[in-house]
Amino acid sequence: MIKKLSVILSIVLLASMLLTACGPTATQAPAAPVKETIIVGGTPEVVYVTVPPEEPPPPVDTGEGKTLRVSFGYGDVPTLDPSLSTDTSSVQVVDELTVGVTRLDEVTLELKPGMAKDWDISADGTVYTLYLEENIPWVRWNGTEVEEVLDCDGNVRYVTAEDFVYGIKRTCDPRTASDYAYVLGFALAGCNDLLAGDSESEEFQALIDGVGAKAIDDYTLELTFLTPAAYNLNIAGMWIARAEPSWIIEGDDCTEARGDRWTEPGFNQAYGPYVLKEWIHDSTLTIVKNPFWPGIDSAPQAKIDTIVFSMLDTPVAFAEYEAGNLDVSGIPQADIDRVKADPVLSAELYQGFSGCTYYYGFNTSRPPVDNVHLRRAFSHAVDRQALIDNVLKAGQLPAQWFCRPGMVACPTPDNNPDVGIKTDMAAAQAELELALADMGLASVDELPEIVLMYNTSEGHKNIAEAIQQMWVDTLGIKVSLTNQEWAVYLKTVKSADAPHIWRMGWCLDYPDANNWLKEVMSVGGSSNSDENADGVPDGGLIWLNETYEQLVNDGAVEQDPDKRLDMYIQAENILVYEDAAIIPLYFYTSLSVSKPYLDRTYSMHGHDAYEKWDIIK
Amino acid sequence: MAEKETIAIPARRKSGSLWGDAVYRLSRNRAAIMGGVLIILLILTAVFARFIAPYTYEEQDLKSNSAVAQWELSIFPMMEPYANITDKYALGADNLGRDILSRLIYGAQISLSVAFIGPVVALLVGTVYGLISGFFGKNVDNIMMRFVDLMYAIPTMLLIILMMAFFRGSFNLSEPGSFAWWMNEIDKRFGGMLFIFIGIGLTAWMGTARLARGQVLSLREQEFVLAARAVGSTNGRIIFRHILPNILGPLIITVTLAIPGYISTEAFLSFIGLGVNAPTPSWGSMIAEGSTAIRSYPHQAILPAIALSITMFAFNFLGDGLRDALDPRLRGT
Amino acid sequence: MIRFIAQRILWTFVVLLFLSLITFGLMHAVPGGPFDREKTLPPETIKVLNEKYHLDDPLWKQYVDYLVGVLVPRVNDNPPTSLTDSYLINIPLWGDTEFHWMNFGPSYRSRSRTVNDIIREQLPISFQLGVLSIIMSLIIGMPLGVIAALKQNTVWDYLGMSVAIFGVSVPVIAMGPVLVWIFGVALKWLPPAGWGSKPPYLMFFVPRQLGWDYWRYTILPVFALGVSHAAIIARLTRASLLQVIREDYIRTARSKGLTERIVVTRHALRNALIPVITVLGPMFAAIVTGTFVAEQIFGIPGLGKYFITSITNRDYPVIMGTTLLYGMMLLLANLMVDISYAWLDPRIRYD
């Protein structure tokens, strides 16, 4: 049986070798003379012409060009609707498909002109007249290529001021149920009123008209703000105030309304550097270069043709990166040591800025942490640097205050080294003594149980365990650790029954200290809730300090940058030292690896500007 | 031809009860004995953890995070460039500088308790349930199995997660003395394992019940049952003295085989963050945590996995021995 | 037999109803709602959301509406753009009119998809993964168990069973990353993550292309998921076959002069398989839970993760939809098991 097989095999092998030797090969065809009929002086003549062998055709440009492969974290992108976006992944894609009136430079954090190439500000500083770029078309992917969107008369639809007005009003409309509308409400006139309005009442239409966004003409947009704040244009450039295609959302004479589904592939329309091509939920999202985007200074024409976003957990993404299937990746905690020691990977490593602060908040109304000395003791006793060097390992910065250095009007470690609170074991113990004396207790064993809560995650668990141990070592107090999943956690933390110590992080919405000190920590802020809006905090920190409130309110409208910085420094000192309402732990960094053939920029504001990247192979 | 050799008749113990014979046979099975001894050792380790472990399970030495022992380096030389070599910890340290050996020893407590709750509940409740259902057949069987179907259809994970969310979520909202508060207190005593035990118990018995019932269905038509009936045995006698020993074989196998499943469940819950409260260690949670570090510090996941494997081997050999002992026809050893 | 099957199908329906009631009750009893955010939404927005998703109706009404949506088919020509008015099964009839059935509701977390979309696009992937895993465990486990039983107490037996025990004791959580490391990163033979098919699917779950581009994504996850179950099957087959082989009728068959192969396959195996078939039911359940981990480790866009994350997100319709689906598949699997009991062992009768 086997002998027969080998005989057959060898015959086949021989035959194939012979056949290939005889057959013509593509590149060596001898030039065969060709018979051609040409007209010479009116008379047809038959001529034999030697046709040079055909050059092999140049490689066909399949149109796919350069492709960038990146990964978001685990989980589908929740939405691509600018009004509804909250997640980083949503905002990232929205920022490639659309451009705001202003655009934040991702490297310098400088506010640059976006769709508004220029603007005038009124005398009182609240009315902005923006002049928009002209003749930028709406586009869509039609299945094979990017095409311009046409209106009912067959003309190209261009992005107009009316589109921006529509988008802004839609965000402020309670019926849209936008999570982030409150930020716009802080700044834009009439937005908060609309958000609070009753959609059934008769005054509702008046509220819609009362929103401070008006289209003077096709390319002139007038925005009215509540106060002459420095960050007004920052907010106006955010993803919640983009131009939106009303014809496909609401429908018109020649377009079917797509309602909630208008962002799905096939219906999605965009005008920015990229267009949505394909979205396989939970798997990949693909955007392609929009050739009709002319490119502006802050958002040039894209050089990379296709970007494919995967949705992989970090360890999986890193494995894909090492296998060569991803061009950029984050690094799982456990692999940081290996990456730093590996010659290839360490060259690809980049430690970048990340605009976030990690902190522990106190429920300052709950004994025994209602005693400020105890809180200060806890804060002093955390060895922030040890945490960073041994647990986090990504070169984070120890935080002495809350607002992330790099934000406008925020202190920096170089210029303000003594602001806030520092790791200091001796001071911790001294404060503990004061606390015990205050409470009339002889030793720490008499303290009631203190609970430290974090939302379920491996990383938070590690940090909590390390800090728990630090407090045992220095103060002799062992707090109990507990965790809840995110939805329940938020509810618990914001309730009047928030645990003694809870973990939280904050990342910038826009790079200004106001976003931090007022919108998070003051009464009514996201960590110090005021459910019934009566000025008395009832959740989260449950902390009210009149001086602090005064400082952050004044700082919001102060125009002199030095005075402003000084006000915020005073506020920080109250927040983290005098009242020790929170324990600032560290300022985030962003650790990533990128393939050497990528020519890229590193963003400071949380998502990347892919239109500025290039692939050089 | 006359035979030259005399055939030695092996000395036989006086034939006793079925169970007595079983014990005898078990004692001759070396692998089973080894398994049993191992399990006893493990139990002792778990009980006397405090005295055996060189460190406590929560002592951290942040500077020695992910420390690696020299012998581990020789097995995984790729760790050379970045490993923090130490001789302080026999098996190395985890990412917060805690001794892996000590955590394994303490972890035995959780893992063994998970490993025992399941089979105990399964065997007790499930076997009896399946016996009754399969033996009486027809309507009784129908109703009982439909009830099992009902319970089956509820996904365990859903139940456990919702239970935990409910009880842990009512952190502050339960007044002392209320049901939720009591559940939370008991949960704390158990190191956060109460709901996992409840969940595992609730699902463990069903598989055994179905299996037992299936076996009984095929056995009850056999001749020996007929014979027993003819002799006048009561139903109870038939069930427990005749049928039960015959089904115990696959039952014990299944139950011992399900043990890794329970530990996996616990590991899985740790993976999604609903396992034991930090910093209490369990092998499952150590594997889950270590699996993210597997390309950099393989020992962090492999060591608890080996501990798990050894325990599984022990349970399996013991289980095999029990099955061989209880089924006299399977004497192949 | 037909009557038996009909009865069981009716019973399945009752069980699912019961399941939906329990799930509905439990998920509303747990604190936290779908619209809890870091920054509390303004009251008017919450009011609008509650109205839109009918969360302000009394609970019993929400439940009944839900059941009606799932059970009552509709025939109309509304193009499905709304999120609350979409269906899982859409069969075109004539012109624009379609037959719609099974509305599992919108997803609260994703603002542009419904549960029906999620199920239609992602259940097939989990299903493929699960079915392939079970097939793999059977293909590897049964022969292994048979050989071990036939060559009891030889080196094959011990080796096989040792490998089996080892396979059982390493959970997917550890096996997965190791496989990815060896075959995906170090050797680069197979892709570390992803799946080779995308919607739409033929016959609900069959991928359109079945070439190497599809199979290469399936190898590692199917192996990781299935190996522990293969071990269970191997051990069970061995134990059961050992028991059966000692039966008298096997001795009779041998003494009739039949070859060993026929004795084993035609006579012994059929009866030995009963315990194996039995565990396929709960094994199916375990595999479904396992897919959650496998999908996260291998980056597979299946339905598994929705089982867990929907609970965390309080995404009520997704919880209900996935639980009901899961329950239905489990019950069907059990029904199959019971039917094959009767086929394998004619002595088993249900009437």
# chains A, B, ... in the order shown; residues from 1 in each chain; ligands from 1
$ residues_around --residues "Ala381 in chain A" --least-positions-apart "4" --cutoff "12 Å" --atoms "only C-alpha atoms" --output "VMD selection string"
chain A and resid 374 to 377 385 to 387 421 to 432 466 to 477 583 to 585
$ select_by_dssp --residues "range 200-229 of chain C" --states "alpha helix (DSSP H)" --output "count of residues only"
18
$ closest_residue --among "C:Leu179, C:Leu324, C:Val131, C:Met329" --to "chain A" --atoms "only C-alpha atoms"
C:Leu179
$ closest_atom_pairs --of "chain C" --to "chain B" --cutoff "8 Å" --atoms "only C-alpha atoms" --output "Markdown table"
| residue | atom | partner | partner_atom | distance |
| --- | --- | --- | --- | --- |
| C:Trp11 | CA | B:Arg146 | CA | 7.8 |
| C:Val15 | CA | B:Leu150 | CA | 5.5 |
| C:Leu16 | CA | B:Ala153 | CA | 7.7 |
| C:Phe18 | CA | B:Leu150 | CA | 7.8 |
| C:Leu19 | CA | B:Ile154 | CA | 6.4 |
| C:Leu26 | CA | B:Leu162 | CA | 7.0 |
| C:Met27 | CA | B:Leu162 | CA | 7.0 |
| C:Ala29 | CA | B:Phe166 | CA | 7.4 |
| C:Val30 | CA | B:Phe166 | CA | 4.8 |
| C:Pro31 | CA | B:Gly169 | CA | 6.5 |
| C:Gln152 | CA | B:Gly332 | CA | 7.6 |
| C:Asn153 | CA | B:Thr333 | CA | 7.2 |
| C:Ser162 | CA | B:Phe313 | CA | 7.9 |
| C:Ile165 | CA | B:Phe313 | CA | 6.4 |
| C:Phe166 | CA | B:Ser309 | CA | 6.0 |
| C:Val168 | CA | B:Pro260 | CA | 6.8 |
| C:Ser169 | CA | B:Ser309 | CA | 5.2 |
| C:Val170 | CA | B:Ala305 | CA | 6.3 |
| C:Pro171 | CA | B:Ser264 | CA | 6.0 |
| C:Ile173 | CA | B:Ala288 | CA | 6.2 |
| C:Ala174 | CA | B:Ser291 | CA | 5.4 |
| C:Pro177 | CA | B:Ser291 | CA | 6.6 |
| C:Val178 | CA | B:Ile294 | CA | 7.0 |
| C:Trp181 | CA | B:Arg295 | CA | 6.8 |
| C:Ile232 | CA | B:Leu257 | CA | 6.8 |
| C:Leu236 | CA | B:Pro250 | CA | 7.2 |
| C:Ala239 | CA | B:Pro250 | CA | 6.8 |
| C:Ser240 | CA | B:Pro250 | CA | 6.8 |
| C:Leu242 | CA | B:Leu330 | CA | 7.2 |
| C:Gln243 | CA | B:Leu330 | CA | 6.7 |
| C:Arg246 | CA | B:Arg329 | CA | 6.8 |
| C:Ile274 | CA | B:Gly214 | CA | 7.7 |
| C:Pro275 | CA | B:Leu211 | CA | 6.6 |
| C:Thr278 | CA | B:Leu211 | CA | 6.3 |
| C:Val279 | CA | B:Gly207 | CA | 7.5 |
| C:Pro282 | CA | B:Gly207 | CA | 6.7 |
| C:Thr289 | CA | B:Met157 | CA | 7.7 |
| C:Val293 | CA | B:Phe268 | CA | 7.7 |
| C:Phe307 | CA | B:Leu158 | CA | 7.6 |
| C:Ile308 | CA | B:Leu158 | CA | 7.6 |
| C:Ile311 | CA | B:Leu162 | CA | 7.5 |
| C:Thr323 | CA | B:Pro155 | CA | 7.1 |
| C:Tyr326 | CA | B:Pro155 | CA | 7.6 |
| C:Gly327 | CA | B:Ala153 | CA | 4.6 |
| C:Met328 | CA | B:Ala153 | CA | 7.6 |
| C:Leu330 | CA | B:Ala153 | CA | 6.4 |
| C:Leu331 | CA | B:Ala153 | CA | 6.7 |
| C:Asp345 | CA | B:Ser218 | CA | 7.6 |
| C:Arg347 | CA | B:Ser218 | CA | 6.7 |
| C:Ile348 | CA | B:Ser218 | CA | 6.1 |
| C:Tyr350 | CA | B:Lys138 | CA | 6.6 |
| C:Asp351 | CA | B:Lys138 | CA | 6.7 |
$ write_last_selection --atoms "C-alpha atoms" --output "CSV table (one decimal), in the first residue's frame"
chain,number,residue,atom,x,y,z
C,11,TRP,CA,-43.9,22.5,29.4
C,15,VAL,CA,-40.9,27.1,32.4
C,16,LEU,CA,-39.9,30.1,30.3
C,18,PHE,CA,-41.9,31.2,35.1
C,19,LEU,CA,-38.3,32.2,34.3
C,26,LEU,CA,-35.3,40.0,40.7
C,27,MET,CA,-33.9,42.6,38.3
C,29,ALA,CA,-35.7,44.4,43.1
C,30,VAL,CA,-32.0,45.2,42.8
C,31,PRO,CA,-31.0,48.8,43.6
C,152,GLN,CA,-7.7,-0.5,31.3
C,153,ASN,CA,-4.8,-0.2,33.7
C,162,SER,CA,-3.9,12.0,33.8
C,165,ILE,CA,-7.6,15.4,35.0
C,166,PHE,CA,-5.1,18.0,34.1
C,168,VAL,CA,-10.3,19.6,33.9
C,169,SER,CA,-8.4,21.4,36.6
C,170,VAL,CA,-7.1,24.2,34.5
C,171,PRO,CA,-9.9,26.7,34.0
C,173,ILE,CA,-9.2,31.7,32.6
C,174,ALA,CA,-5.7,30.3,32.7
C,177,PRO,CA,-4.0,33.3,27.9
C,178,VAL,CA,-1.4,30.4,27.8
C,181,TRP,CA,0.8,33.3,24.4
C,232,ILE,CA,-15.1,15.0,31.7
C,236,LEU,CA,-17.3,9.4,32.1
C,239,ALA,CA,-16.2,4.7,33.7
C,240,SER,CA,-19.5,3.9,32.0
C,242,LEU,CA,-16.0,-0.3,32.0
C,243,GLN,CA,-19.3,-0.9,33.8
C,246,ARG,CA,-18.7,-6.5,32.3
C,274,ILE,CA,-26.3,7.2,28.6
C,275,PRO,CA,-24.4,9.0,31.4
C,278,THR,CA,-26.9,13.1,30.4
C,279,VAL,CA,-24.1,15.4,31.2
C,282,PRO,CA,-25.5,20.7,32.2
C,289,THR,CA,-21.0,30.5,31.0
C,293,VAL,CA,-14.7,34.3,29.7
C,307,PHE,CA,-25.2,37.9,30.3
C,308,ILE,CA,-23.0,39.6,32.8
C,311,ILE,CA,-26.8,42.9,34.9
C,323,THR,CA,-32.0,35.0,30.2
C,326,TYR,CA,-30.4,30.9,27.6
C,327,GLY,CA,-33.3,29.2,29.3
C,328,MET,CA,-34.9,28.2,26.0
C,330,LEU,CA,-31.1,24.8,28.0
C,331,LEU,CA,-34.6,23.3,28.0
C,345,ASP,CA,-32.0,2.3,25.6
C,347,ARG,CA,-36.0,-0.3,27.9
C,348,ILE,CA,-36.5,3.3,29.0
C,350,TYR,CA,-41.8,7.4,29.5
C,351,ASP,CA,-45.4,6.4,29.1
$ closest_residue --among "A:Cys172, A:Thr224, A:Glu96, A:Asp252" --to "Leu130 in chain A" --atoms "only C-alpha atoms"
A:Thr224
$ interface_residues --of "chain C" --to "chain A" --cutoff "9 Å" --atoms "only C-alpha atoms" --output "PyMOL selection string"
chain C and resi 30-49+52+80-83+109-113+118+121-122+177+180-181+184-188+191-195+198-199+296-302+305+312-314
$ interface_residues --of "chain A" --to "chain B" --cutoff "9 Å" --atoms "only C-alpha atoms" --output "NGL selection string"
:A and (315 or 332-342 or 386-387 or 389-391 or 456-458 or 461-462 or 464-466 or 469 or 481-485 or 488-489 or 492 or 497-499)
$ residues_around --residues "range 123-125 of chain B" --least-positions-apart "6" --cutoff "8 Å" --atoms "only C-alpha atoms" --output "PDB file with C-alpha atoms, in the first residue's frame"
ATOM      1  CA  TRP B 205     -27.988  18.935  43.231  1.00  0.00           C
ATOM      2  CA  THR B 208     -26.753  14.620  40.193  1.00  0.00           C
ATOM      3  CA  ALA B 209     -30.509  14.266  40.389  1.00  0.00           C
ATOM      4  CA  VAL B 255     -19.660  14.555  41.589  1.00  0.00           C
TER       5      VAL B 255
END
$ atom_distance --atom1 "CA of Val369 in chain A" --atom2 "CA of Asn416 in chain A"
28.6 Å
$ closest_residue --among "C:Leu202, C:Arg235, C:Leu335, C:Gln209" --to "Met145 in chain B" --atoms "only C-alpha atoms"
C:Leu335
$ residues_around --residues "Ala609 in chain A" --least-positions-apart "3" --cutoff "9 Å" --atoms "only C-alpha atoms" --output "ChimeraX atom specification"
/A:92,95-96,105-106,299,600-603,612-613
$ write_last_selection --atoms "N, CA and C atoms" --output "short mmCIF file (atom, residue, chain, number, x, y, z; two decimals), in the first residue's frame"
data_model
loop_
_atom_site.label_atom_id
_atom_site.label_comp_id
_atom_site.auth_asym_id
_atom_site.auth_seq_id
_atom_site.Cartn_x
_atom_site.Cartn_y
_atom_site.Cartn_z
N GLN A 92 -14.10 59.88 20.65
CA GLN A 92 -12.99 59.74 19.71
C GLN A 92 -13.50 59.68 18.28
N ASP A 95 -15.18 62.86 17.06
CA ASP A 95 -14.22 63.92 16.76
C ASP A 95 -13.52 63.71 15.42
N GLU A 96 -13.61 62.52 14.86
CA GLU A 96 -13.05 62.32 13.53
C GLU A 96 -14.11 62.52 12.46
N ASP A 105 -6.12 71.75 20.28
CA ASP A 105 -4.92 71.11 19.76
C ASP A 105 -4.52 70.02 20.74
N GLU A 106 -4.33 68.83 20.26
CA GLU A 106 -4.17 67.72 21.19
C GLU A 106 -2.80 67.74 21.86
N ALA A 299 -7.33 70.69 11.83
CA ALA A 299 -7.78 69.35 11.43
C ALA A 299 -7.44 69.15 9.96
N ARG A 600 3.26 59.69 14.63
CA ARG A 600 2.06 60.04 15.36
C ARG A 600 2.28 61.19 16.32
N THR A 601 1.17 61.76 16.78
CA THR A 601 1.24 62.76 17.84
C THR A 601 0.70 62.13 19.12
N TYR A 602 1.07 62.69 20.25
CA TYR A 602 0.59 62.16 21.52
C TYR A 602 -0.35 63.18 22.13
N SER A 603 -1.56 62.75 22.38
CA SER A 603 -2.60 63.68 22.81
C SER A 603 -2.55 63.93 24.31
N LYS A 612 -3.86 63.52 11.96
CA LYS A 612 -2.49 64.02 11.86
C LYS A 612 -1.46 62.90 11.81
N TRP A 613 -1.90 61.66 11.86
CA TRP A 613 -0.96 60.55 11.88
C TRP A 613 -0.61 60.10 10.47
#
$ residues_around --residues "Leu144 in chain C" --least-positions-apart "2" --cutoff "10 Å" --atoms "only C-alpha atoms" --output "PyMOL selection string"
chain C and resi 138-142+146-149+156-157+160-161+164+230-231+233-235+237-238
$ residues_around --residues "Phe24 in chain C" --least-positions-apart "6" --cutoff "9 Å" --atoms "only C-alpha atoms" --output "VMD selection string"
chain C and resid 63 316 319 to 320
